[in-house]
Structures are given as C-alpha cells and as structure tokens.
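The data block below is coords-v6.csv; it holds CSV, C-alpha atoms.
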```csv
chain,number,residue,atom,x,y,z
J,1,MET,CA,-142.5,-59.9,159.1
J,2,LYS,CA,-141.5,-63.3,160.5
J,3,LYS,CA,-142.7,-65.0,157.2
J,4,LEU,CA,-140.8,-62.5,155.2
J,5,ASN,CA,-137.6,-63.2,157.2
J,6,ILE,CA,-138.0,-67.0,156.5
J,7,ILE,CA,-138.4,-66.4,152.8
J,8,LEU,CA,-135.3,-64.2,152.7
J,9,ALA,CA,-133.4,-66.8,154.7
J,10,VAL,CA,-134.4,-69.6,152.3
J,11,ALA,CA,-133.4,-67.4,149.3
J,12,LEU,CA,-130.0,-66.7,150.8
J,13,VAL,CA,-129.5,-70.5,151.3
J,14,VAL,CA,-130.4,-71.2,147.7
J,15,MET,CA,-128.1,-68.5,146.5
J,16,SER,CA,-125.2,-69.9,148.6
J,17,ILE,CA,-125.8,-73.4,147.3
J,18,ARG,CA,-125.7,-72.1,143.7
J,19,ALA,CA,-122.6,-70.1,144.4
J,20,ILE,CA,-120.8,-73.2,145.8
J,21,GLY,CA,-121.9,-75.2,142.8
J,22,GLN,CA,-120.5,-72.5,140.4
J,23,GLN,CA,-117.2,-72.4,142.3
J,24,SER,CA,-116.9,-76.2,142.1
J,25,GLN,CA,-117.5,-76.1,138.4
J,26,THR,CA,-114.8,-73.5,137.7
J,27,LYS,CA,-112.1,-74.8,140.0
J,28,LEU,CA,-111.4,-78.3,138.7
J,29,SER,CA,-108.0,-79.9,138.8
J,30,VAL,CA,-105.9,-80.3,135.7
J,31,ASP,CA,-106.8,-84.0,135.6
J,32,ALA,CA,-110.5,-83.2,135.9
J,33,ILE,CA,-110.3,-80.6,133.2
J,34,GLU,CA,-108.6,-83.1,130.8
J,35,ALA,CA,-111.2,-85.8,131.6
J,36,LYS,CA,-114.1,-83.3,130.9
J,37,ILE,CA,-112.5,-82.2,127.7
J,38,ASN,CA,-112.0,-85.8,126.5
J,39,GLN,CA,-115.7,-86.5,127.2
J,40,LEU,CA,-116.7,-84.0,124.5
J,41,LYS,CA,-116.7,-84.6,120.8
J,42,GLN,CA,-116.2,-80.9,120.0
J,43,PRO,CA,-114.8,-79.2,123.1
J,44,GLN,CA,-114.9,-75.4,123.1
J,45,ILE,CA,-111.4,-74.4,124.2
J,46,ILE,CA,-110.3,-70.7,124.0
J,47,ASP,CA,-106.6,-69.7,124.1
J,48,ALA,CA,-106.4,-66.3,125.8
J,49,ARG,CA,-102.8,-65.7,124.7
J,50,SER,CA,-101.4,-64.1,121.5
J,51,ALA,CA,-101.3,-65.7,118.1
J,52,ALA,CA,-97.5,-66.1,118.4
J,53,GLU,CA,-97.9,-67.9,121.7
J,54,PHE,CA,-100.6,-70.1,120.2
J,55,GLU,CA,-98.4,-71.0,117.3
J,56,GLN,CA,-95.6,-72.1,119.6
J,57,ILE,CA,-97.8,-74.4,121.7
J,58,HIS,CA,-101.5,-74.9,122.4
J,59,LEU,CA,-104.1,-77.4,123.5
J,60,LYS,CA,-105.6,-79.7,120.8
J,61,ASN,CA,-108.9,-78.3,119.5
J,62,ALA,CA,-108.2,-74.9,120.9
J,63,PHE,CA,-108.5,-71.6,119.0
J,64,VAL,CA,-106.8,-68.3,119.8
J,65,LEU,CA,-109.1,-65.4,120.4
J,66,SER,CA,-108.6,-62.5,117.9
J,67,GLN,CA,-107.0,-59.3,119.2
J,68,ASP,CA,-109.6,-57.5,117.1
J,69,SER,CA,-112.6,-56.9,119.4
J,70,ALA,CA,-115.2,-57.2,116.6
J,71,LYS,CA,-113.7,-60.5,115.4
J,72,ALA,CA,-113.3,-61.8,118.9
J,73,ALA,CA,-117.0,-61.0,119.6
J,74,THR,CA,-117.9,-63.0,116.5
J,75,GLN,CA,-115.8,-65.9,117.7
J,76,ILE,CA,-117.5,-65.9,121.1
J,77,ASN,CA,-121.0,-65.6,119.6
J,78,SER,CA,-120.4,-68.7,117.5
J,79,LEU,CA,-120.0,-70.8,120.6
J,80,ASP,CA,-122.8,-72.7,122.3
J,81,ARG,CA,-123.6,-71.0,125.6
J,82,GLN,CA,-125.3,-74.1,126.9
J,83,LYS,CA,-122.1,-76.2,126.6
J,84,PRO,CA,-118.8,-76.1,128.6
J,85,VAL,CA,-116.2,-73.6,127.6
J,86,PHE,CA,-112.5,-74.0,128.7
J,87,VAL,CA,-110.1,-71.1,128.8
J,88,TYR,CA,-106.4,-70.9,129.4
J,89,ALA,CA,-103.3,-68.7,129.2
J,90,ILE,CA,-99.7,-69.1,130.5
J,91,GLY,CA,-101.0,-68.8,134.0
J,92,ASN,CA,-104.4,-67.6,135.1
J,93,ALA,CA,-104.2,-63.8,134.7
J,94,ARG,CA,-105.5,-63.4,131.1
J,95,SER,CA,-107.8,-66.5,131.4
J,96,ALA,CA,-109.4,-65.1,134.5
J,97,ILE,CA,-110.4,-61.9,132.7
J,98,LEU,CA,-111.7,-63.9,129.7
J,99,ALA,CA,-113.6,-66.3,132.0
J,100,LYS,CA,-115.3,-63.4,133.8
J,101,ARG,CA,-116.3,-61.9,130.4
J,102,LEU,CA,-117.8,-65.2,129.2
J,103,ARG,CA,-119.9,-65.6,132.4
J,104,THR,CA,-121.3,-62.1,132.0
J,105,LEU,CA,-122.3,-63.1,128.4
J,106,GLY,CA,-124.4,-65.9,129.7
J,107,PHE,CA,-122.2,-69.0,129.4
J,108,ASN,CA,-123.4,-71.6,131.9
J,109,GLU,CA,-120.1,-73.5,132.4
J,110,VAL,CA,-116.7,-71.8,132.1
J,111,TYR,CA,-113.7,-73.7,133.3
J,112,GLU,CA,-110.3,-72.0,133.8
J,113,LEU,CA,-107.3,-74.3,133.4
J,114,PRO,CA,-105.6,-74.1,136.9
J,115,GLY,CA,-102.1,-72.8,136.6
J,116,GLY,CA,-102.6,-72.3,132.8
J,117,ILE,CA,-100.8,-74.1,130.1
J,118,ALA,CA,-97.6,-74.1,132.2
J,119,ASN,CA,-99.2,-76.4,134.7
J,120,TRP,CA,-100.7,-78.5,131.8
J,121,VAL,CA,-97.3,-79.0,130.3
J,122,GLY,CA,-95.7,-79.7,133.7
J,123,SER,CA,-98.4,-82.3,134.4
J,124,GLY,CA,-97.4,-84.1,131.2
J,125,LYS,CA,-100.7,-83.4,129.3
J,126,PRO,CA,-100.8,-83.5,125.5
J,127,VAL,CA,-100.2,-80.4,123.4
J,128,GLU,CA,-99.7,-79.4,119.8
J,129,LYS,CA,-96.5,-77.5,119.2
J,130,LEU,CA,-94.0,-76.5,116.6
J,131,ALA,CA,-91.6,-79.3,115.8
J,132,LYS,CA,-88.3,-78.5,117.4
J,133,LYS,CA,-85.5,-80.6,118.8
J,134,GLU,CA,-86.0,-80.8,122.5
J,135,LEU,CA,-83.4,-81.0,125.3
J,136,ASP,CA,-83.8,-84.5,126.7
J,137,LEU,CA,-83.2,-85.4,130.4
J,138,SER,CA,-79.9,-87.1,129.6
J,139,ALA,CA,-78.6,-83.9,127.9
J,140,PHE,CA,-79.9,-81.8,130.8
J,141,HIS,CA,-78.0,-83.9,133.3
J,142,ASP,CA,-74.9,-83.6,131.2
J,143,LEU,CA,-75.4,-79.8,131.2
J,144,ILE,CA,-75.8,-79.4,134.9
J,145,GLY,CA,-73.2,-82.0,135.7
J,146,LYS,CA,-70.4,-79.9,134.1
J,147,GLU,CA,-70.7,-77.2,136.8
J,148,LYS,CA,-70.2,-77.4,140.6
J,149,LEU,CA,-73.1,-75.0,140.9
J,150,VAL,CA,-75.5,-73.9,138.2
J,151,LEU,CA,-78.6,-71.8,138.1
J,152,ILE,CA,-81.4,-72.9,135.7
J,153,ASP,CA,-83.9,-70.3,134.7
J,154,PHE,CA,-87.0,-72.1,133.4
J,155,GLY,CA,-89.4,-69.7,131.6
J,156,SER,CA,-90.7,-68.5,128.3
J,157,LYS,CA,-90.1,-65.5,126.1
J,158,TYR,CA,-93.8,-64.8,126.2
J,159,CYS,CA,-94.2,-64.9,130.0
J,160,PRO,CA,-94.3,-61.4,131.6
J,161,GLY,CA,-93.1,-62.7,134.9
J,162,CYS,CA,-90.2,-64.6,133.3
J,163,ILE,CA,-89.2,-61.4,131.5
J,164,LYS,CA,-89.2,-59.6,134.8
J,165,MET,CA,-87.2,-62.3,136.6
J,166,ALA,CA,-84.6,-62.8,133.9
J,167,PRO,CA,-82.5,-59.7,134.8
J,168,VAL,CA,-82.9,-60.5,138.5
J,169,ALA,CA,-81.5,-64.0,138.0
J,170,ASP,CA,-78.7,-62.6,135.8
J,171,SER,CA,-77.7,-60.1,138.4
J,172,ALA,CA,-77.7,-62.7,141.1
J,173,ALA,CA,-75.5,-65.0,138.9
J,174,THR,CA,-73.1,-62.1,138.2
J,175,GLU,CA,-72.9,-61.2,141.9
J,176,THR,CA,-72.1,-64.8,143.0
J,177,GLY,CA,-70.1,-65.8,140.0
J,178,VAL,CA,-72.3,-68.8,139.3
J,179,LYS,CA,-73.2,-69.9,135.8
J,180,ILE,CA,-76.8,-69.4,134.7
J,181,VAL,CA,-78.6,-71.4,131.9
J,182,ARG,CA,-82.0,-70.3,130.5
J,183,ILE,CA,-84.4,-73.0,129.3
J,184,GLU,CA,-87.6,-72.2,127.2
J,185,VAL,CA,-90.2,-74.4,128.8
J,186,PHE,CA,-92.6,-74.5,125.9
J,187,ASP,CA,-89.9,-75.7,123.5
J,188,ASN,CA,-89.0,-78.4,126.0
J,189,THR,CA,-92.3,-79.8,127.2
J,190,LYS,CA,-91.1,-83.4,128.0
J,191,LEU,CA,-88.2,-82.1,130.1
J,192,ALA,CA,-90.6,-79.7,131.9
J,193,HIS,CA,-92.8,-82.6,132.8
J,194,GLN,CA,-89.9,-84.8,133.9
J,195,LEU,CA,-88.6,-82.0,136.1
J,196,GLN,CA,-92.1,-81.1,137.3
J,197,ILE,CA,-92.0,-77.5,136.2
J,198,ASN,CA,-95.6,-76.7,136.7
J,199,ALA,CA,-95.3,-72.9,137.0
J,200,ILE,CA,-93.0,-70.2,135.5
J,201,PRO,CA,-90.9,-68.2,136.1
J,202,ASN,CA,-89.0,-71.0,137.9
J,203,ILE,CA,-85.4,-70.6,139.2
J,204,ALA,CA,-83.5,-73.8,140.3
J,205,LEU,CA,-80.1,-74.2,141.7
J,206,TYR,CA,-78.2,-77.5,141.1
J,207,LYS,CA,-75.0,-78.6,143.0
J,208,ASP,CA,-73.0,-81.4,141.5
J,209,GLY,CA,-76.0,-82.3,139.3
J,210,ALA,CA,-78.5,-82.5,142.2
J,211,LEU,CA,-81.3,-80.0,142.8
J,212,ILE,CA,-80.7,-78.1,146.1
J,213,TRP,CA,-83.0,-75.1,145.8
J,214,GLN,CA,-86.0,-74.1,143.7
J,215,LYS,CA,-88.6,-71.4,143.6
J,216,ASP,CA,-91.3,-70.2,141.2
J,217,GLY,CA,-92.9,-66.8,140.8
J,218,ILE,CA,-91.5,-63.3,141.2
J,219,PHE,CA,-89.2,-62.7,144.2
J,220,PRO,CA,-86.1,-60.6,145.2
J,221,LYS,CA,-82.6,-61.2,144.0
J,222,GLY,CA,-81.5,-61.7,147.6
J,223,GLU,CA,-83.2,-65.1,147.8
J,224,ILE,CA,-81.3,-66.4,144.8
J,225,VAL,CA,-78.0,-65.0,146.1
J,226,ASN,CA,-78.6,-66.6,149.6
J,227,ALA,CA,-79.3,-69.9,148.0
J,228,VAL,CA,-76.1,-69.8,145.9
J,229,LYS,CA,-74.0,-68.7,148.8
J,230,THR,CA,-75.4,-71.5,150.9
J,231,GLY,CA,-74.5,-73.9,148.0
J,232,GLN,CA,-71.0,-72.4,147.8
J,233,ALA,CA,-70.5,-72.8,151.5
J,234,LEU,CA,-71.6,-76.5,151.3
J,235,SER,CA,-69.1,-77.1,148.5
J,236,ALA,CA,-66.3,-75.4,150.5
J,237,ASN,CA,-67.0,-77.5,153.6
J,238,ALA,CA,-67.0,-80.7,151.5
J,239,LYS,CA,-63.4,-80.1,150.5
```

Structure re-expressed in structure tokens:
Amino acid sequence: MKKLNIILAVALVVMSIRAIGQQSQTKLSVDAIEAKINQLKQPQIIDARSAAEFEQIHLKNAFVLSQDSAKAATQINSLDRQKPVFVYAIGNARSAILAKRLRTLGFNEVYELPGGIANWVGSGKPVEKLAKKELDLSAFHDLIGKEKLVLIDFGSKYCPGCIKMAPVADSAATETGVKIVRIEVFDNTKLAHQLQINAIPNIALYKDGALIWQKDGIFPKGEIVNAVKTGQALSANAK
C-alpha cells in the first residue's frame, strides 16, 4: 500500500508539471506570440471570426475558419498537429472555444492571442486590412478640442460588447447633454495604438482635449453619467 501511494504521488507530480507546462505554452504575452510567429516560415494562424471581420482586418498569414462545419473540419485536418497553432478573435471568447476544440483534436501547441486582435492592434502589431483613410492623431485632437467635454466610444461594428454598450453610452450622453463620437477601432489601427486602446468596447471622456476618464468592457450607464457630471463640475468650478 505504501509503495502504491508513492507511485500515485509521483504520478500526480508529473501531471501537475505537465499541466503547468501546458498553461505556460498557452498564456504567452502579445510580444511573445509575435516573436514565436516570426520564428516560423509558415505559421498556422486561425481567425475565429467571421469572413466579413477577416476581410476588414486580420493577421498576416492567417486564414478564417469556414462557417460550414464540414469545410472547417477539412481546414483543420490540413494543419500539422505537431506544429504550433495560433488562434484569435476580437477578444478571447470565440478563440477560447476554438482552442479547446483544437486541443481535443490532438494539437500539441495551441496559443490564444491574449486580448485578441483588439489587443494586437492596440499594441501596434502589424495587420493586413482594407485600405481606408484613417483618422490621424492630429485630426483626433482637433476633434476632441472643439468640445469642452466629449465622450469617445471606441469599438467595432462586429464586436458584440460594443453593440451592447453603444445604446448605453448614447443614453448617458443624452442624459448629460455631452457630445458623443464613435470611432471604429479596426479602421483606425494607428490611432488605436497611439491612444493605447487594447480592449473594446472602450469609453473615454475628454475635457478640453485631455483624457479625464476611461473604461473598457461592459458596465452600467451610471458610471458614464457620474464621470461626465464630475467633468462638468470641474468645468464649472474652473470658471
């Protein structure tokens, strides 16, 4: 019995070490992911978003997974299970589901892009995108400088959280009487990097051209209203 307990203990230690190793492989930073991709001649990168999202912006060498299950299975089966696979979406919701699926299919190394392509863009990493005129930093400062207080809603038309937060931000703007401007992050990648927008939805409040409040994710309207009222009070006291 004592010998059996020792064997079981050793097995548990080995399993723990392997689990730690697997976690370290799948939780790399954006910089580490980029470095690992650049080391490979033909990196296997899967975009877990829709074809329309992929067309708007994507990582170089990536391919979008088909919405047809049979075609998607063929795409996955064409990959080398012994080589690293990188997956991403806007954030980590869809990529986490895909990464779990790939691991169950026997892929040895599956790396999820932390924070998704939103974090990749905010970190200033290279992307391939539709050619569109971007709002540069100078134009952005001109935009926010025209208003005493202005709310900026950084997001994307393809981001579920952004779609959910848009009416919340609009309602807060209506209630407080402040102007709101919506900026499509994936059409303005340079600006997103310069302003360090690494996650969306992202609501920011500017006063006299300076950032005074900012928050990303999904949250109640009251937080925006309170931030605006605080900004309005500061403006009134400054007179």

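Distances here use only C-alpha atoms; by that measure, the residue among J:Ile183, J:Leu65, J:Leu151, J:Ile46 closest to Glu112 (chain J) is J:Ile46.
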
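Using only C-alpha atoms, the shortest contact distance between Asn226 (chain J) and any of J:Gln194, J:Gly209, J:Ala172, J:Thr104 is found at J:Ala172.
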
Env of region 51-53 of chain J: 8 Å cut, atoms = all atoms listed in the file, seq-sep filter 4 positions within chain, self excluded. Answer as a PyMOL selection string.
chain J and resi 57-58+64+66+158

Can you write out the residues you just picked, keeping C-alpha atoms, as a PDB file, in the frame of the given file?
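Written out: selection-v4.pdb:
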```
ATOM      1  CA  ILE J  57     -97.800 -74.400 121.700  1.00  0.00           C
ATOM      2  CA  HIS J  58    -101.500 -74.900 122.400  1.00  0.00           C
ATOM      3  CA  VAL J  64    -106.800 -68.300 119.800  1.00  0.00           C
ATOM      4  CA  SER J  66    -108.600 -62.500 117.900  1.00  0.00           C
ATOM      5  CA  TYR J 158     -93.800 -64.800 126.200  1.00  0.00           C
TER       6      TYR J 158
END
```

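For the choices J:Ser156, J:Asn202, J:Lys229, J:Ala89, the atom-to-atom distance to Ser50 (chain J) is smallest for J:Ala89 when using only C-alpha atoms.
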
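Going from CA of Leu137 (chain J) over to CA of Asn188 (chain J), you cover 10.1 Å.
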
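Note that CA of Ala118 (chain J) and CA of Phe186 (chain J) are 8.1 Å apart.
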